>>> print(open('protein39.tsv').read())   # TSV, C-alpha atoms and all ligand atoms
chain	number	residue	atom	x	y	z
A	1477	MET	CA	-56.63	0.60	-103.49
A	1478	ASN	CA	-57.32	2.48	-106.73
A	1479	GLY	CA	-60.96	2.40	-107.72
A	1480	LEU	CA	-63.52	-0.39	-107.54
A	1481	ASP	CA	-64.38	-2.50	-110.57
A	1482	CYS	CA	-67.84	-3.73	-109.65
A	1483	ASP	CA	-71.54	-3.14	-110.13
A	1484	VAL	CA	-72.20	-2.49	-106.44
A	1485	ALA	CA	-69.80	-1.43	-103.69
A	1486	ILE	CA	-70.88	-2.14	-100.12
A	1487	VAL	CA	-69.27	-0.41	-97.16
A	1488	GLY	CA	-69.23	-2.60	-94.07
A	1489	TYR	CA	-69.22	-6.38	-93.81
A	1490	GLY	CA	-71.46	-7.02	-90.85
A	1491	PRO	CA	-74.46	-9.33	-91.33
A	1492	VAL	CA	-76.41	-6.65	-93.21
A	1493	GLY	CA	-73.60	-6.02	-95.68
A	1494	GLN	CA	-73.06	-9.75	-96.02
A	1495	ALA	CA	-76.74	-10.47	-96.69
A	1496	LEU	CA	-76.96	-7.63	-99.20
A	1497	ALA	CA	-73.83	-8.87	-100.97
A	1498	ILE	CA	-75.30	-12.37	-101.22
A	1499	ARG	CA	-78.65	-11.22	-102.57
A	1500	LEU	CA	-77.00	-9.00	-105.19
A	1501	ALA	CA	-74.45	-11.62	-106.23
A	1502	GLU	CA	-77.21	-14.21	-106.56
A	1503	ARG	CA	-78.75	-11.87	-109.12
A	1504	GLY	CA	-75.58	-11.66	-111.14
A	1505	ARG	CA	-74.24	-8.37	-109.80
A	1506	ARG	CA	-70.48	-8.01	-109.34
A	1507	VAL	CA	-70.15	-7.00	-105.71
A	1508	THR	CA	-67.15	-5.57	-103.86
A	1509	VAL	CA	-67.16	-4.93	-100.12
A	1510	VAL	CA	-64.85	-2.62	-98.19
A	1511	GLU	CA	-64.57	-3.34	-94.47
A	1512	ARG	CA	-62.43	-1.32	-92.08
A	1513	ARG	CA	-61.77	-4.22	-89.71
A	1514	ALA	CA	-58.81	-6.35	-90.75
A	1515	GLU	CA	-60.44	-9.40	-89.14
A	1516	PRO	CA	-64.04	-10.35	-88.34
A	1517	TYR	CA	-65.26	-9.14	-84.95
A	1518	LEU	CA	-65.40	-12.29	-82.85
A	1519	LEU	CA	-67.46	-11.29	-79.80
A	1520	PRO	CA	-71.12	-12.39	-79.64
A	1521	ARG	CA	-73.81	-9.75	-80.13
A	1522	ALA	CA	-77.13	-10.64	-81.73
A	1523	VAL	CA	-78.39	-13.95	-80.36
A	1524	HIS	CA	-81.91	-14.53	-81.70
A	1525	PHE	CA	-83.81	-14.64	-84.98
A	1526	ASP	CA	-87.38	-15.61	-85.82
A	1527	ASP	CA	-88.97	-17.76	-88.51
A	1528	GLU	CA	-89.10	-14.88	-90.98
A	1529	ILE	CA	-85.35	-14.40	-90.74
A	1530	ALA	CA	-84.89	-18.15	-91.04
A	1531	ARG	CA	-86.93	-17.98	-94.24
A	1532	ALA	CA	-84.69	-15.16	-95.48
A	1533	PHE	CA	-81.59	-17.23	-94.71
A	1534	ALA	CA	-83.12	-20.17	-96.57
A	1535	ALA	CA	-83.78	-17.90	-99.56
A	1536	MET	CA	-80.06	-17.13	-99.53
A	1537	GLY	CA	-79.31	-20.83	-99.89
A	1538	LEU	CA	-78.52	-21.35	-96.22
A	1539	GLY	CA	-81.47	-23.54	-95.22
A	1540	PRO	CA	-79.41	-26.72	-94.83
A	1541	GLU	CA	-76.83	-24.85	-92.76
A	1542	LEU	CA	-79.21	-23.24	-90.27
A	1543	ALA	CA	-78.71	-26.11	-87.84
A	1544	THR	CA	-74.94	-25.60	-87.90
A	1545	PHE	CA	-75.06	-22.11	-86.39
A	1546	SER	CA	-78.40	-21.96	-84.58
A	1547	GLU	CA	-80.75	-24.03	-82.46
A	1548	GLN	CA	-84.48	-23.86	-81.92
A	1549	SER	CA	-85.49	-22.17	-78.68
A	1550	ASP	CA	-88.98	-22.94	-77.37
A	1551	PHE	CA	-88.96	-20.73	-74.28
A	1552	TYR	CA	-87.30	-17.46	-73.36
A	1553	ASP	CA	-87.21	-16.94	-69.60
A	1554	TRP	CA	-86.37	-13.82	-67.65
A	1555	GLN	CA	-85.01	-14.86	-64.25
A	1556	ASN	CA	-83.91	-12.99	-61.17
A	1557	ALA	CA	-80.63	-13.53	-59.34
A	1558	ALA	CA	-82.20	-16.42	-57.40
A	1559	GLY	CA	-83.04	-18.21	-60.64
A	1560	GLU	CA	-86.78	-17.66	-60.25
A	1561	THR	CA	-88.58	-17.19	-63.54
A	1562	LEU	CA	-90.23	-13.79	-63.65
A	1563	LEU	CA	-91.46	-13.88	-67.21
A	1564	ARG	CA	-91.69	-16.66	-69.79
A	1565	PHE	CA	-92.10	-16.17	-73.53
A	1566	ASP	CA	-93.51	-19.21	-75.29
A	1567	TRP	CA	-91.79	-19.37	-78.66
A	1568	SER	CA	-92.45	-23.05	-79.26
A	1569	GLY	CA	-93.55	-24.37	-82.62
A	1570	ARG	CA	-92.98	-23.23	-86.14
A	1571	GLY	CA	-94.04	-20.27	-88.22
A	1572	PRO	CA	-96.11	-20.24	-91.44
A	1573	GLY	CA	-93.01	-21.09	-93.47
A	1574	ALA	CA	-92.31	-24.13	-91.26
A	1575	TRP	CA	-89.13	-22.63	-89.80
A	1576	PRO	CA	-88.80	-22.56	-85.98
A	1577	THR	CA	-90.58	-19.63	-84.35
A	1578	ALA	CA	-87.37	-18.78	-82.50
A	1579	SER	CA	-83.74	-19.72	-82.93
A	1580	MET	CA	-80.72	-18.79	-80.83
A	1581	PHE	CA	-77.34	-18.31	-82.45
A	1582	SER	CA	-73.86	-16.84	-82.13
A	1583	GLN	CA	-73.31	-13.85	-84.41
A	1584	PRO	CA	-69.66	-14.68	-85.19
A	1585	ASP	CA	-70.73	-18.17	-86.31
A	1586	LEU	CA	-73.46	-16.71	-88.50
A	1587	GLU	CA	-70.99	-14.28	-90.08
A	1588	VAL	CA	-68.67	-17.17	-90.99
A	1589	VAL	CA	-71.52	-18.92	-92.81
A	1590	LEU	CA	-72.62	-15.74	-94.59
A	1591	ALA	CA	-69.03	-14.98	-95.62
A	1592	ALA	CA	-68.61	-18.47	-97.05
A	1593	ARG	CA	-71.82	-18.15	-99.04
A	1594	ALA	CA	-70.77	-14.72	-100.35
A	1595	ALA	CA	-67.34	-16.05	-101.32
A	1596	SER	CA	-68.95	-18.93	-103.20
A	1597	LEU	CA	-70.85	-16.34	-105.24
A	1598	GLY	CA	-67.70	-14.40	-106.11
A	1599	VAL	CA	-68.15	-11.45	-103.76
A	1600	VAL	CA	-64.85	-9.59	-103.40
A	1601	VAL	CA	-64.03	-8.38	-99.88
A	1602	HIS	CA	-61.31	-5.86	-99.05
A	1603	ARG	CA	-60.61	-5.88	-95.32
A	1604	GLY	CA	-58.60	-3.48	-93.22
A	1605	LEU	CA	-59.37	-0.45	-95.38
A	1606	GLN	CA	-59.80	2.92	-93.71
A	1607	PRO	CA	-62.39	5.38	-95.04
A	1608	PRO	CA	-61.18	8.70	-96.45
A	1609	ALA	CA	-60.27	11.28	-93.79
A	1610	SER	CA	-62.63	13.81	-95.34
A	1611	PRO	CA	-65.71	13.55	-97.56
A	1612	THR	CA	-63.96	15.95	-99.94
A	1613	THR	CA	-61.09	13.49	-100.34
A	1614	ALA	CA	-62.96	11.37	-102.83
A	1615	THR	CA	-60.04	9.14	-103.71
A	1616	GLY	CA	-61.49	6.16	-101.93
A	1617	TRP	CA	-60.18	3.92	-99.18
A	1618	SER	CA	-56.47	3.47	-98.60
A	1701	LIG	C1	-72.97	-5.57	-77.15
A	1701	LIG	C2	-73.98	-5.83	-78.24
A	1701	LIG	C3	-75.03	-6.72	-77.99
A	1701	LIG	C4	-75.99	-6.96	-78.98
A	1701	LIG	N1	-76.99	-7.84	-78.72
A	1701	LIG	C5	-77.94	-8.08	-79.65
A	1701	LIG	C6	-79.00	-9.00	-79.43
A	1701	LIG	O1	-79.09	-9.63	-78.37
A	1701	LIG	N2	-79.93	-9.20	-80.39
A	1701	LIG	C7	-79.85	-8.54	-81.57
A	1701	LIG	O2	-80.70	-8.76	-82.45
A	1701	LIG	N3	-78.85	-7.69	-81.83
A	1701	LIG	C8	-77.91	-7.44	-80.91
A	1701	LIG	N4	-76.92	-6.54	-81.16
A	1701	LIG	C9	-76.97	-5.83	-82.44
A	1701	LIG	C10	-76.36	-6.61	-83.59
A	1701	LIG	O3	-75.07	-7.02	-83.27
A	1701	LIG	C11	-76.38	-5.63	-84.76
A	1701	LIG	O4	-77.74	-5.26	-85.03
A	1701	LIG	C12	-75.77	-6.19	-86.03
A	1701	LIG	O5	-74.41	-6.48	-85.88
A	1701	LIG	C13	-75.96	-5.12	-87.10
A	1701	LIG	O6	-75.41	-5.62	-88.29
A	1701	LIG	P1	-74.89	-4.60	-89.35
A	1701	LIG	O7	-74.32	-5.40	-90.47
A	1701	LIG	O8	-75.95	-3.61	-89.66
A	1701	LIG	O9	-73.78	-3.74	-88.60
A	1701	LIG	P2	-72.39	-4.20	-87.95
A	1701	LIG	O10	-72.43	-5.60	-87.46
A	1701	LIG	O11	-72.04	-3.11	-86.98
A	1701	LIG	O12	-71.40	-4.15	-89.18
A	1701	LIG	C14	-71.03	-2.92	-89.78
A	1701	LIG	C15	-69.64	-3.09	-90.35
A	1701	LIG	O13	-69.31	-1.92	-91.08
A	1701	LIG	C16	-67.96	-1.60	-90.84
A	1701	LIG	N5	-67.82	-0.19	-91.12
A	1701	LIG	C17	-68.49	0.84	-90.53
A	1701	LIG	N6	-68.14	2.00	-91.09
A	1701	LIG	C18	-67.22	1.70	-92.05
A	1701	LIG	C19	-66.49	2.51	-93.00
A	1701	LIG	N7	-66.64	3.84	-93.05
A	1701	LIG	N8	-65.64	1.89	-93.86
A	1701	LIG	C20	-65.49	0.55	-93.82
A	1701	LIG	N9	-66.17	-0.27	-92.95
A	1701	LIG	C21	-67.02	0.32	-92.08
A	1701	LIG	C22	-67.75	-1.99	-89.39
A	1701	LIG	O14	-66.40	-2.22	-89.09
A	1701	LIG	C23	-68.58	-3.26	-89.27
A	1701	LIG	O15	-67.85	-4.44	-89.52
A	1701	LIG	C24	-75.94	-6.28	-80.23
A	1701	LIG	C25	-74.88	-5.39	-80.46
A	1701	LIG	C26	-73.91	-5.16	-79.49
A	1701	LIG	C27	-72.77	-4.21	-79.79
>>> encode(input="protein39.tsv", output="structure tokens", more="lines below")
Ligand SMILES: Cc1cc2nc3c(=O)[nH]c(=O)nc-3n(C[C@H](O)[C@H](O)[C@H](O)COP(=O)(O)OP(=O)(O)OC[C@H]3O[C@@H](n4cnc5c(N)ncnc54)[C@H](O)[C@@H]3O)c2cc1C
Amino acid sequence: MNGLDCDVAIVGYGPVGQALAIRLAERGRRVTVVERRAEPYLLPRAVHFDDEIARAFAAMGLGPELATFSEQSDFYDWQNAAGETLLRFDWSGRGPGAWPTASMFSQPDLEVVLAARAASLGVVVHRGLQPPASPTTATGWS
């Protein structure tokens, strides 16, 4: 790849890079992302977000889609091997913005939704690009 024709280049297309790309593209910036993985990473990692993050997702235009990749979780129990509850967190209800206090989700599913939103805003994503071998080799990804 020779050069990047964009206002903002983002390195890494995890959820943070995706969210940043969306927020910039919503504001009219031409965004290009370079991601070293050829394909999205499909194993689950992050599993929970709160009402503030739900509000942030809604601000990115994803409010109607929240229910497609997450579900409200009223209680979070820590159990021992016998299934006895040792500790219970009460996350029931909704926050000041009316979004659920706690939602559980699958990170790969979230990333699909974020990627679709970014694509709809014209974000350009180059996957499978390796970073330069040395910081002095400033010719970009290959
Ligand atoms: C096993 C595991 C369990 C987890 N469980 C939880 C949990 O229960 N709750 C929770 O909140 N969080 C959890 N996390 C953390 C959560 O997954 C991360 O906080 C989240 O993925 C961070 O998003 P990110 O976009 O900052 O980084 P990442 O998701 O790591 O994305 C960064 C991207 O940048 C790319 N990249 C990096 N360097 C370069 C480069 N030089 N050039 C091009 N591309 C590059 C990477 O390939 C990657 O795709 C867990 C993580 C792991 C590994």
>>> closest_residue(input="protein39.tsv", among="A:Ser1568, A:Gln1494, A:Ser1596, A:Gln1555", to="ligand LIG 1701 (chain A)", atoms="all atoms listed in the file")
A:Gln1494
>>> closest_residue(input="protein39.tsv", among="A:Val1487, A:Val1507, A:Val1589, A:Ala1535", to="ligand LIG 1701 (chain A)", atoms="only C-alpha atoms and all ligand atoms")
A:Val1487
>>> closest_atom_pairs(input="protein39.tsv", of="chain A", to="ligand LIG 1701 (chain A)", cutoff="9 Å", atoms="only C-alpha atoms and all ligand atoms", output="JSON lines")
{"residue": "A:Ile1486", "atom": "CA", "partner": "A:LIG1701", "partner_atom": "C20", "distance": 8.7}
{"residue": "A:Val1487", "atom": "CA", "partner": "A:LIG1701", "partner_atom": "C20", "distance": 5.1}
{"residue": "A:Gly1488", "atom": "CA", "partner": "A:LIG1701", "partner_atom": "O13", "distance": 3.1}
{"residue": "A:Tyr1489", "atom": "CA", "partner": "A:LIG1701", "partner_atom": "C15", "distance": 4.8}
{"residue": "A:Gly1490", "atom": "CA", "partner": "A:LIG1701", "partner_atom": "O7", "distance": 3.3}
{"residue": "A:Pro1491", "atom": "CA", "partner": "A:LIG1701", "partner_atom": "O7", "distance": 4.0}
{"residue": "A:Val1492", "atom": "CA", "partner": "A:LIG1701", "partner_atom": "O7", "distance": 3.7}
{"residue": "A:Gly1493", "atom": "CA", "partner": "A:LIG1701", "partner_atom": "O7", "distance": 5.3}
{"residue": "A:Gln1494", "atom": "CA", "partner": "A:LIG1701", "partner_atom": "O7", "distance": 7.2}
{"residue": "A:Ala1495", "atom": "CA", "partner": "A:LIG1701", "partner_atom": "O7", "distance": 8.4}
{"residue": "A:Val1509", "atom": "CA", "partner": "A:LIG1701", "partner_atom": "C20", "distance": 8.5}
{"residue": "A:Val1510", "atom": "CA", "partner": "A:LIG1701", "partner_atom": "C20", "distance": 5.4}
{"residue": "A:Glu1511", "atom": "CA", "partner": "A:LIG1701", "partner_atom": "N9", "distance": 3.8}
{"residue": "A:Arg1512", "atom": "CA", "partner": "A:LIG1701", "partner_atom": "N9", "distance": 4.0}
{"residue": "A:Arg1513", "atom": "CA", "partner": "A:LIG1701", "partner_atom": "O14", "distance": 5.1}
{"residue": "A:Ala1514", "atom": "CA", "partner": "A:LIG1701", "partner_atom": "O14", "distance": 8.8}
{"residue": "A:Glu1515", "atom": "CA", "partner": "A:LIG1701", "partner_atom": "O15", "distance": 8.9}
{"residue": "A:Pro1516", "atom": "CA", "partner": "A:LIG1701", "partner_atom": "O15", "distance": 7.1}
{"residue": "A:Tyr1517", "atom": "CA", "partner": "A:LIG1701", "partner_atom": "O15", "distance": 7.0}
{"residue": "A:Leu1519", "atom": "CA", "partner": "A:LIG1701", "partner_atom": "C1", "distance": 8.4}
{"residue": "A:Pro1520", "atom": "CA", "partner": "A:LIG1701", "partner_atom": "C3", "distance": 7.1}
{"residue": "A:Arg1521", "atom": "CA", "partner": "A:LIG1701", "partner_atom": "C4", "distance": 3.7}
{"residue": "A:Ala1522", "atom": "CA", "partner": "A:LIG1701", "partner_atom": "C6", "distance": 3.4}
{"residue": "A:Val1523", "atom": "CA", "partner": "A:LIG1701", "partner_atom": "O1", "distance": 4.8}
{"residue": "A:His1524", "atom": "CA", "partner": "A:LIG1701", "partner_atom": "N2", "distance": 5.8}
{"residue": "A:Phe1525", "atom": "CA", "partner": "A:LIG1701", "partner_atom": "O2", "distance": 7.1}
{"residue": "A:Gln1583", "atom": "CA", "partner": "A:LIG1701", "partner_atom": "O3", "distance": 7.1}
{"residue": "A:Arg1603", "atom": "CA", "partner": "A:LIG1701", "partner_atom": "C20", "distance": 8.2}
{"residue": "A:Gly1604", "atom": "CA", "partner": "A:LIG1701", "partner_atom": "C20", "distance": 8.0}
{"residue": "A:Leu1605", "atom": "CA", "partner": "A:LIG1701", "partner_atom": "C20", "distance": 6.4}
{"residue": "A:Gln1606", "atom": "CA", "partner": "A:LIG1701", "partner_atom": "N8", "distance": 5.9}
{"residue": "A:Pro1607", "atom": "CA", "partner": "A:LIG1701", "partner_atom": "N8", "distance": 4.9}
{"residue": "A:Pro1608", "atom": "CA", "partner": "A:LIG1701", "partner_atom": "N7", "distance": 8.1}
{"residue": "A:Trp1617", "atom": "CA", "partner": "A:LIG1701", "partner_atom": "N8", "distance": 7.9}
>>> closest_residue(input="protein39.tsv", among="A:Ala1543, A:Leu1496, A:Ala1557, A:Leu1480", to="Leu1586 in chain A", atoms="only C-alpha atoms")
A:Ala1543
>>> closest_residue(input="protein39.tsv", among="A:Cys1482, A:Ala1534, A:Ala1595, A:Leu1542", to="Gly1573 in chain A", atoms="all atoms listed in the file")
A:Ala1534
>>> residues_around(input="protein39.tsv", residues="Phe1551 in chain A", least_positions_apart="6", cutoff="12 Å", atoms="only C-alpha atoms", output="compact mmCIF listing (two decimals) with C-alpha atoms, in the frame of the given file")
# COMPACT_ATOMS: atom_id res chain seq x y z
CA HIS A 1524 -81.91 -14.53 -81.70
CA THR A 1561 -88.58 -17.19 -63.54
CA LEU A 1563 -91.46 -13.88 -67.21
CA ARG A 1564 -91.69 -16.66 -69.79
CA PHE A 1565 -92.10 -16.17 -73.53
CA ASP A 1566 -93.51 -19.21 -75.29
CA TRP A 1567 -91.79 -19.37 -78.66
CA SER A 1568 -92.45 -23.05 -79.26
CA GLY A 1569 -93.55 -24.37 -82.62
CA PRO A 1576 -88.80 -22.56 -85.98
CA THR A 1577 -90.58 -19.63 -84.35
CA ALA A 1578 -87.37 -18.78 -82.50
CA SER A 1579 -83.74 -19.72 -82.93
CA MET A 1580 -80.72 -18.79 -80.83
>>> atom_distance(input="protein39.tsv", atom1="CA of Asp1483 in chain A", atom2="CA of Thr1508 in chain A")
8.0 Å
>>> atom_distance(input="protein39.tsv", atom1="CA of Arg1503 in chain A", atom2="CA of Pro1572 in chain A")
26.2 Å
>>> atom_distance(input="protein39.tsv", atom1="CA of Asp1550 in chain A", atom2="CA of Ala1532 in chain A")
20.2 Å
>>> residues_around(input="protein39.tsv", residues="Arg1593 in chain A", least_positions_apart="5", cutoff="10 Å", atoms="all atoms listed in the file", output="list in words")
Gln1494, Ala1495, Ala1497, Ile1498, Met1536, Gly1537, Leu1538, Glu1587, Val1588, Gly1598 and Val1599 of chain A
>>> decode(input="protein39.tsv", residues="range 1490-1609 of chain A", atoms="C-alpha atoms", output="tab-separated table (two decimals), in the first residue's frame")
chain	number	residue	atom	x	y	z
A	1490	GLY	CA	-10.70	-3.48	17.65
A	1491	PRO	CA	-13.75	-1.88	19.28
A	1492	VAL	CA	-11.80	1.25	20.23
A	1493	GLY	CA	-10.55	1.81	16.68
A	1494	GLN	CA	-14.02	1.05	15.35
A	1495	ALA	CA	-15.74	3.49	17.72
A	1496	LEU	CA	-13.19	6.20	16.95
A	1497	ALA	CA	-13.62	5.64	13.22
A	1498	ILE	CA	-17.40	5.97	13.55
A	1499	ARG	CA	-17.26	9.16	15.62
A	1500	LEU	CA	-14.81	10.79	13.21
A	1501	ALA	CA	-16.70	9.69	10.09
A	1502	GLU	CA	-19.95	10.99	11.58
A	1503	ARG	CA	-18.24	14.37	11.73
A	1504	GLY	CA	-17.28	14.28	8.09
A	1505	ARG	CA	-13.70	13.11	8.44
A	1506	ARG	CA	-12.31	10.71	5.82
A	1507	VAL	CA	-11.07	7.80	7.88
A	1508	THR	CA	-8.80	4.92	6.89
A	1509	VAL	CA	-8.00	2.04	9.22
A	1510	VAL	CA	-5.05	-0.36	8.97
A	1511	GLU	CA	-5.48	-3.65	10.80
A	1512	ARG	CA	-2.85	-6.38	10.90
A	1513	ARG	CA	-5.34	-9.23	11.22
A	1514	ALA	CA	-6.63	-10.46	7.88
A	1515	GLU	CA	-9.93	-11.45	9.53
A	1516	PRO	CA	-11.78	-10.28	12.65
A	1517	TYR	CA	-10.77	-12.11	15.84
A	1518	LEU	CA	-13.73	-14.35	16.58
A	1519	LEU	CA	-13.17	-15.47	20.18
A	1520	PRO	CA	-15.21	-13.78	22.94
A	1521	ARG	CA	-13.41	-11.38	25.27
A	1522	ALA	CA	-15.25	-8.41	26.78
A	1523	VAL	CA	-18.71	-9.47	27.94
A	1524	HIS	CA	-20.28	-6.56	29.81
A	1525	PHE	CA	-21.06	-2.87	29.36
A	1526	ASP	CA	-23.00	-0.40	31.49
A	1527	ASP	CA	-25.63	2.23	30.75
A	1528	GLU	CA	-23.02	4.87	29.95
A	1529	ILE	CA	-21.53	2.69	27.23
A	1530	ALA	CA	-25.04	1.93	25.98
A	1531	ARG	CA	-25.58	5.68	25.74
A	1532	ALA	CA	-22.32	5.99	23.78
A	1533	PHE	CA	-23.45	3.24	21.41
A	1534	ALA	CA	-26.78	5.02	20.96
A	1535	ALA	CA	-24.92	8.25	20.16
A	1536	MET	CA	-23.17	6.30	17.39
A	1537	GLY	CA	-26.55	5.45	15.89
A	1538	LEU	CA	-26.65	1.95	17.32
A	1539	GLY	CA	-29.50	2.34	19.82
A	1540	PRO	CA	-31.99	0.25	17.82
A	1541	GLU	CA	-29.39	-2.48	17.36
A	1542	LEU	CA	-28.36	-2.86	21.00
A	1543	ALA	CA	-30.86	-5.66	21.49
A	1544	THR	CA	-29.36	-7.61	18.59
A	1545	PHE	CA	-25.95	-8.07	20.24
A	1546	SER	CA	-26.62	-7.64	23.95
A	1547	GLU	CA	-29.14	-8.46	26.65
A	1548	GLN	CA	-29.95	-6.79	29.94
A	1549	SER	CA	-28.44	-8.51	32.96
A	1550	ASP	CA	-30.06	-7.79	36.32
A	1551	PHE	CA	-27.77	-9.85	38.54
A	1552	TYR	CA	-24.13	-10.88	38.40
A	1553	ASP	CA	-23.42	-13.85	40.63
A	1554	TRP	CA	-20.10	-15.28	41.71
A	1555	GLN	CA	-20.56	-18.99	42.44
A	1556	ASN	CA	-18.31	-21.72	43.74
A	1557	ALA	CA	-17.85	-25.13	42.13
A	1558	ALA	CA	-20.95	-26.40	43.96
A	1559	GLY	CA	-23.06	-23.66	42.38
A	1560	GLU	CA	-23.52	-21.79	45.65
A	1561	THR	CA	-23.72	-18.04	45.22
A	1562	LEU	CA	-20.90	-16.36	47.10
A	1563	LEU	CA	-21.51	-12.82	45.96
A	1564	ARG	CA	-24.37	-11.16	44.10
A	1565	PHE	CA	-24.19	-7.82	42.32
A	1566	ASP	CA	-27.59	-6.21	41.81
A	1567	TRP	CA	-27.44	-4.47	38.45
A	1568	SER	CA	-31.19	-4.35	37.92
A	1569	GLY	CA	-32.92	-1.29	36.56
A	1570	ARG	CA	-31.85	1.46	34.26
A	1571	GLY	CA	-29.39	4.32	34.43
A	1572	PRO	CA	-30.09	8.07	34.18
A	1573	GLY	CA	-30.17	7.82	30.38
A	1574	ALA	CA	-32.80	5.05	30.55
A	1575	TRP	CA	-30.42	2.40	29.20
A	1576	PRO	CA	-30.07	-0.86	31.19
A	1577	THR	CA	-27.65	-0.61	34.11
A	1578	ALA	CA	-25.87	-3.72	32.83
A	1579	SER	CA	-25.83	-5.57	29.54
A	1580	MET	CA	-24.01	-8.75	28.58
A	1581	PHE	CA	-22.72	-9.24	25.06
A	1582	SER	CA	-20.35	-11.14	22.79
A	1583	GLN	CA	-17.44	-9.00	21.59
A	1584	PRO	CA	-17.30	-10.57	18.09
A	1585	ASP	CA	-20.99	-9.76	17.62
A	1586	LEU	CA	-20.43	-6.19	18.76
A	1587	GLU	CA	-17.52	-5.80	16.35
A	1588	VAL	CA	-19.72	-6.93	13.44
A	1589	VAL	CA	-22.26	-4.22	14.28
A	1590	LEU	CA	-19.58	-1.54	14.70
A	1591	ALA	CA	-17.93	-2.55	11.42
A	1592	ALA	CA	-21.25	-2.32	9.58
A	1593	ARG	CA	-21.91	1.13	11.00
A	1594	ALA	CA	-18.40	2.29	10.06
A	1595	ALA	CA	-18.79	0.90	6.53
A	1596	SER	CA	-22.09	2.75	6.15
A	1597	LEU	CA	-20.22	5.96	6.94
A	1598	GLY	CA	-17.55	5.30	4.32
A	1599	VAL	CA	-14.72	4.24	6.61
A	1600	VAL	CA	-12.02	2.47	4.58
A	1601	VAL	CA	-10.46	-0.58	6.23
A	1602	HIS	CA	-7.26	-2.27	5.06
A	1603	ARG	CA	-6.90	-5.67	6.70
A	1604	GLY	CA	-3.94	-8.01	6.81
A	1605	LEU	CA	-1.34	-5.24	6.72
A	1606	GLN	CA	1.86	-5.68	8.68
A	1607	PRO	CA	3.46	-2.68	10.40
A	1608	PRO	CA	6.91	-1.55	9.25
A	1609	ALA	CA	9.77	-3.70	10.59
